[in-house]
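**Q** Sharing a structure below in structure tokens format, with a few things to ask.
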Amino acid sequence: MSAPVRGRSTRVRPAANRRPKSAEYRARRRIILRRRLVALLTLLTVVGLTYCVLFTPLLGVHQVDVRGSVVLTDDEVRAVAAIEPGSPLVRLDLAGIHDRVAAMPRVAAVEVERQLPGTVRLLITERVPVGSVKMPDGFHLVDATGKDYAVLPAAAPGVPELVLAAPSSADPATRAVVGVVNELPEKLRPEVLAVAATSGADVKLTLTGNRVVKWGSVEDTPRKAAVLLVLLTRTGTTYDVSSPDLATVS
């Protein structure tokens with residue numbers, strides 16, 4: 001009899017034992033593929049949305065809303081803002097828009113806001129005159145900072161005439177005159193017809209009834225105004241409050 005052949009035996013697993021592992025493998029693979037597909041679709045969606053937002057009119061400018069303008073028209077402000085219709089909202093140069101509008105002589109302040117889906121809002125604050133200066137080319141409006149910002153053919157109503165040689169925020173006489181006007185009490189304002197100065201220390205007010213007030217410098221303006229209100233109860237044509245502790249009436 002021949003001896004049995006010895007060697008390494010191969011154990012064959014039953015098919016029933018292999019199927020669960022194969023099914024589990026396929027299930028895991030499907031999950032992995034599904035996750036990869038979802039990730040790819042998400043990436044493509046983000047890229048597509050980013051492209052649409054940044055480079056197409058989808059979220060572009062469709063309206064420029066101007067608020068706060070009084071003398072300026074909305075179209076004047078829009079023209080200076082120079083916002084191209086359809087420009088992607090998120091890529092707008094807000095600083096550039098602000099600087100262009102702020103450079104308009106009548107504009108004291110401006111705020112630029114984005115509003116989804118396609119609006120740019122410009123909030124305007126116009127300059128308000130504290131007086132007007134008669135010059136050869138007309139009446140120059142001066143605001144509370146001393147800026148000469150506009151010219152009218154007639155004097156501005158409701159504000160005094162400012163008698164100045166060269167109105168400018170850099171001019172000491174202008175700064176003194178504007179400083180006094182800014183701090184005048186409401187009770188006194190209706191009586192002030194004109195405010196004049198040739199330097200920063202010789203401000204003079206002309207009141208109704210041909211009365212003149214020697215004011216001096218802008219220093220101690222609130223105190224000078226309080227003293228003047230008392231002095232105006234006395235009859236006189238010239239009131240000197242340049243030194244409020246030594247005020248006189250003549």
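By order in the structure tokens, chains are A, B, ...; within a chain, residues start at 1; ligands start at 1, following the order shown.
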What parts of stretch 115-200 of chain A does DSSP call strand (DSSP E or B)? I'd like the answer as a PyMOL selection string.
**A** chain A and resi 115+119-126+129-135+138-143+148-152+161-163+192-196
**Q** Please return, as number ranges by chain, all residues of stretch 27-207 of chain A that DSSP assigns to alpha helix (DSSP H) on the basis of the backbone.
**A** A: 27-55, 74-81, 94-102, 172-183
**Q** So that I can see what lies close to stretch 121-137 of chain A, please list as a list of chain:residue names the residues with an atom at most 7 Å from it, counting only C-alpha atoms and leaving out residues fewer than 5 positions away in the same chain.
**A**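 So, after excluding close chain neighbours, the residues are A:Val64, A:Asp65, A:Val66, A:Arg67, A:Gly68, A:Ser69, A:Arg106, A:Val107, A:Ala108, A:Ala109, A:Val110, A:Glu111, A:Val112, A:Glu113, A:Arg114, A:Val142, A:Asp143, A:Ala144, A:Ala155, A:Ala156, A:Val159, A:Pro160, A:Glu161, A:Leu162, A:Val163, A:Leu164.
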**Q** By how many Å are atom CA of A:Asp240 and atom CA of A:Val213 apart?
**A**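 Computing the Euclidean distance for atom CA of A:Asp240 and atom CA of A:Val213 yields 5.7 Å.
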**Q** Atom CA of A:Val218 to atom CA of A:Thr233: how many Å, to one decimal?
**A**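 Going from atom CA of A:Val218 over to atom CA of A:Thr233 covers 23.0 Å.
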**Q** Quick one: residues within 8 Å of A:Arg175, only C-alpha atoms counted, chain neighbours fewer than 6 positions away excluded, as a PyMOL selection string?
**A** chain A and resi 145-146+168-169+200
**Q** Could the residues in this selection be written to a file with N, CA and C atoms, as a compact mmCIF listing (two decimals), in the first residue's frame?
**A**
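Result file follows (selection.txt):
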```
# COMPACT_ATOMS: atom_id res chain seq x y z
N THR A 145 -17.80 124.39 9.19
CA THR A 145 -16.35 124.17 9.24
C THR A 145 -15.57 125.31 8.60
N GLY A 146 -16.30 126.28 8.01
CA GLY A 146 -15.64 127.38 7.31
C GLY A 146 -15.41 127.10 5.84
N SER A 168 -12.48 130.80 3.71
CA SER A 168 -11.77 129.52 3.60
C SER A 168 -11.61 128.94 5.00
N SER A 169 -11.64 127.62 5.09
CA SER A 169 -11.44 126.99 6.39
C SER A 169 -10.03 127.19 6.91
N GLY A 200 -8.45 137.02 13.27
CA GLY A 200 -9.11 136.13 14.21
C GLY A 200 -9.48 136.79 15.51
```
**Q** For A:Leu232, which of A:Ala150, A:Ala247, A:Ile31, A:Val178 is the closest residue, counting only C-alpha atoms?
**A**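 The answer is A:Ala247, which sits nearest to A:Leu232.
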**Q** Using only C-alpha atoms, which of the listed residues (A:Gly60, A:Pro88, A:Gly158, A:Gly236) sits closest to A:Asn210?
**A** A:Gly236
**Q** What's around A:Ala201 at 12 Å? Count only C-alpha atoms, leave out sequence neighbours fewer than 4 positions away in its own chain, and write the answer as a list in words.
**A**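 Final neighbour list, sorted by chain and number: Pro172, Ala173, Thr174, Arg175, Ala176, Val177, Gly179, Val180, Ala196, Ala197, Lys214, Trp215, Gly216, Ser217, Val218, Glu219, Ser242 and Ser243 of chain A.
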**Q** Print the selection's residues with all heavy atoms to a file, as a tab-separated table (two decimals), in the first residue's frame.
**A**
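Result file follows (selection.tsv):
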```
chain	number	residue	atom	x	y	z
A	172	PRO	N	-7.92	132.55	9.18
A	172	PRO	CA	-8.22	132.82	10.59
A	172	PRO	C	-9.49	133.64	10.79
A	172	PRO	O	-10.26	133.39	11.73
A	172	PRO	CB	-6.98	133.59	11.07
A	172	PRO	CG	-5.89	133.18	10.14
A	172	PRO	CD	-6.56	132.98	8.82
A	173	ALA	N	-9.73	134.62	9.92
A	173	ALA	CA	-10.94	135.44	10.05
A	173	ALA	C	-12.19	134.59	9.83
A	173	ALA	O	-13.18	134.72	10.57
A	173	ALA	CB	-10.89	136.60	9.05
A	174	THR	N	-12.14	133.71	8.84
A	174	THR	CA	-13.28	132.83	8.58
A	174	THR	C	-13.53	131.91	9.76
A	174	THR	O	-14.68	131.73	10.19
A	174	THR	CB	-13.04	131.99	7.31
A	174	THR	OG1	-12.83	132.87	6.19
A	174	THR	CG2	-14.24	131.10	7.02
A	175	ARG	N	-12.48	131.33	10.29
A	175	ARG	CA	-12.63	130.42	11.43
A	175	ARG	C	-13.21	131.15	12.64
A	175	ARG	O	-14.07	130.60	13.36
A	175	ARG	CB	-11.29	129.78	11.79
A	175	ARG	CG	-10.77	128.80	10.75
A	175	ARG	CD	-9.72	127.87	11.37
A	175	ARG	NE	-8.60	128.62	11.93
A	175	ARG	CZ	-7.49	128.93	11.26
A	175	ARG	NH1	-7.36	128.55	9.99
A	175	ARG	NH2	-6.51	129.59	11.84
A	176	ALA	N	-12.79	132.38	12.86
A	176	ALA	CA	-13.31	133.14	13.99
A	176	ALA	C	-14.79	133.46	13.81
A	176	ALA	O	-15.60	133.29	14.73
A	176	ALA	CB	-12.50	134.42	14.17
A	177	VAL	N	-15.14	133.94	12.62
A	177	VAL	CA	-16.54	134.29	12.34
A	177	VAL	C	-17.45	133.07	12.47
A	177	VAL	O	-18.50	133.12	13.12
A	177	VAL	CB	-16.66	134.92	10.93
A	177	VAL	CG1	-18.11	134.91	10.47
A	177	VAL	CG2	-16.11	136.34	10.93
A	179	GLY	N	-16.82	130.30	14.06
A	179	GLY	CA	-16.82	129.85	15.45
A	179	GLY	C	-17.81	130.61	16.30
A	179	GLY	O	-18.50	130.03	17.16
A	180	VAL	N	-17.91	131.92	16.08
A	180	VAL	CA	-18.87	132.73	16.83
A	180	VAL	C	-20.30	132.37	16.43
A	180	VAL	O	-21.17	132.15	17.29
A	180	VAL	CB	-18.60	134.23	16.60
A	180	VAL	CG1	-19.74	135.06	17.20
A	180	VAL	CG2	-17.27	134.63	17.22
A	196	ALA	N	-18.67	140.13	10.75
A	196	ALA	CA	-17.50	140.52	9.97
A	196	ALA	C	-16.23	140.32	10.77
A	196	ALA	O	-16.24	140.32	12.01
A	196	ALA	CB	-17.61	141.98	9.54
A	197	ALA	N	-15.11	140.15	10.05
A	197	ALA	CA	-13.79	140.05	10.69
A	197	ALA	C	-12.73	140.21	9.62
A	197	ALA	O	-12.92	139.79	8.47
A	197	ALA	CB	-13.63	138.73	11.42
A	214	LYS	N	-19.17	144.67	19.31
A	214	LYS	CA	-17.74	144.38	19.21
A	214	LYS	C	-17.48	143.09	19.99
A	214	LYS	O	-17.59	143.07	21.21
A	214	LYS	CB	-16.91	145.53	19.77
A	214	LYS	CG	-17.06	146.83	18.97
A	214	LYS	CD	-16.22	147.94	19.58
A	214	LYS	CE	-16.36	149.23	18.79
A	214	LYS	NZ	-15.54	150.34	19.38
A	215	TRP	N	-17.15	142.05	19.26
A	215	TRP	CA	-17.04	140.72	19.86
A	215	TRP	C	-15.60	140.34	20.19
A	215	TRP	O	-15.35	139.64	21.17
A	215	TRP	CB	-17.63	139.67	18.91
A	215	TRP	CG	-18.01	138.40	19.57
A	215	TRP	CD1	-17.21	137.31	19.79
A	215	TRP	CD2	-19.28	138.07	20.12
A	215	TRP	NE1	-17.91	136.32	20.43
A	215	TRP	CE2	-19.20	136.77	20.64
A	215	TRP	CE3	-20.50	138.76	20.21
A	215	TRP	CZ2	-20.27	136.13	21.25
A	215	TRP	CZ3	-21.56	138.13	20.81
A	215	TRP	CH2	-21.46	136.82	21.33
A	216	GLY	N	-14.67	140.77	19.37
A	216	GLY	CA	-13.28	140.39	19.57
A	216	GLY	C	-12.99	139.01	19.02
A	216	GLY	O	-13.42	138.67	17.91
A	217	SER	N	-12.31	138.17	19.78
A	217	SER	CA	-11.96	136.82	19.32
A	217	SER	C	-13.09	135.84	19.61
A	217	SER	O	-14.07	136.17	20.28
A	217	SER	CB	-10.68	136.35	20.00
A	217	SER	OG	-10.93	136.08	21.36
A	218	VAL	N	-12.92	134.63	19.10
A	218	VAL	CA	-13.93	133.59	19.32
A	218	VAL	C	-13.88	133.03	20.74
A	218	VAL	O	-14.82	132.36	21.19
A	218	VAL	CB	-13.73	132.45	18.29
A	218	VAL	CG1	-12.45	131.67	18.59
A	218	VAL	CG2	-14.94	131.52	18.24
A	219	GLU	N	-12.84	133.33	21.47
A	219	GLU	CA	-12.70	132.82	22.84
A	219	GLU	C	-13.82	133.36	23.74
A	219	GLU	O	-14.25	134.51	23.60
A	219	GLU	CB	-11.34	133.20	23.42
A	219	GLU	CG	-10.16	132.54	22.71
A	219	GLU	CD	-8.84	132.97	23.31
A	219	GLU	OE1	-8.84	133.70	24.32
A	219	GLU	OE2	-7.79	132.57	22.74
A	242	SER	N	-16.04	142.34	24.02
A	242	SER	CA	-14.73	141.72	23.71
A	242	SER	C	-14.02	141.32	25.00
A	242	SER	O	-13.26	140.34	25.02
A	242	SER	CB	-13.86	142.70	22.91
A	242	SER	OG	-13.72	143.92	23.58
A	243	SER	N	-14.27	142.07	26.07
A	243	SER	CA	-13.82	141.66	27.41
A	243	SER	C	-15.08	141.54	28.25
A	243	SER	O	-15.59	142.54	28.79
A	243	SER	CB	-12.88	142.72	28.02
A	243	SER	OG	-11.69	142.81	27.25
```
**Q** List as a list in words the protein and nucleic acid residues near A:Val192, meaning an atom at most 8 Å away when only C-alpha atoms are counted, but skip any in the same chain fewer than 6 places from it.
**A**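 In the requested form, the answer reads Pro160, Leu205, Thr206, Leu207 and Thr208 of chain A.
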**Q** As an exercise, work out the distance from atom CA of A:Ile97 to atom CA of A:Ala81 in Å and give it to one decimal place.
**A**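 Between atom CA of A:Ile97 and atom CA of A:Ala81 the gap works out to 5.3 Å.
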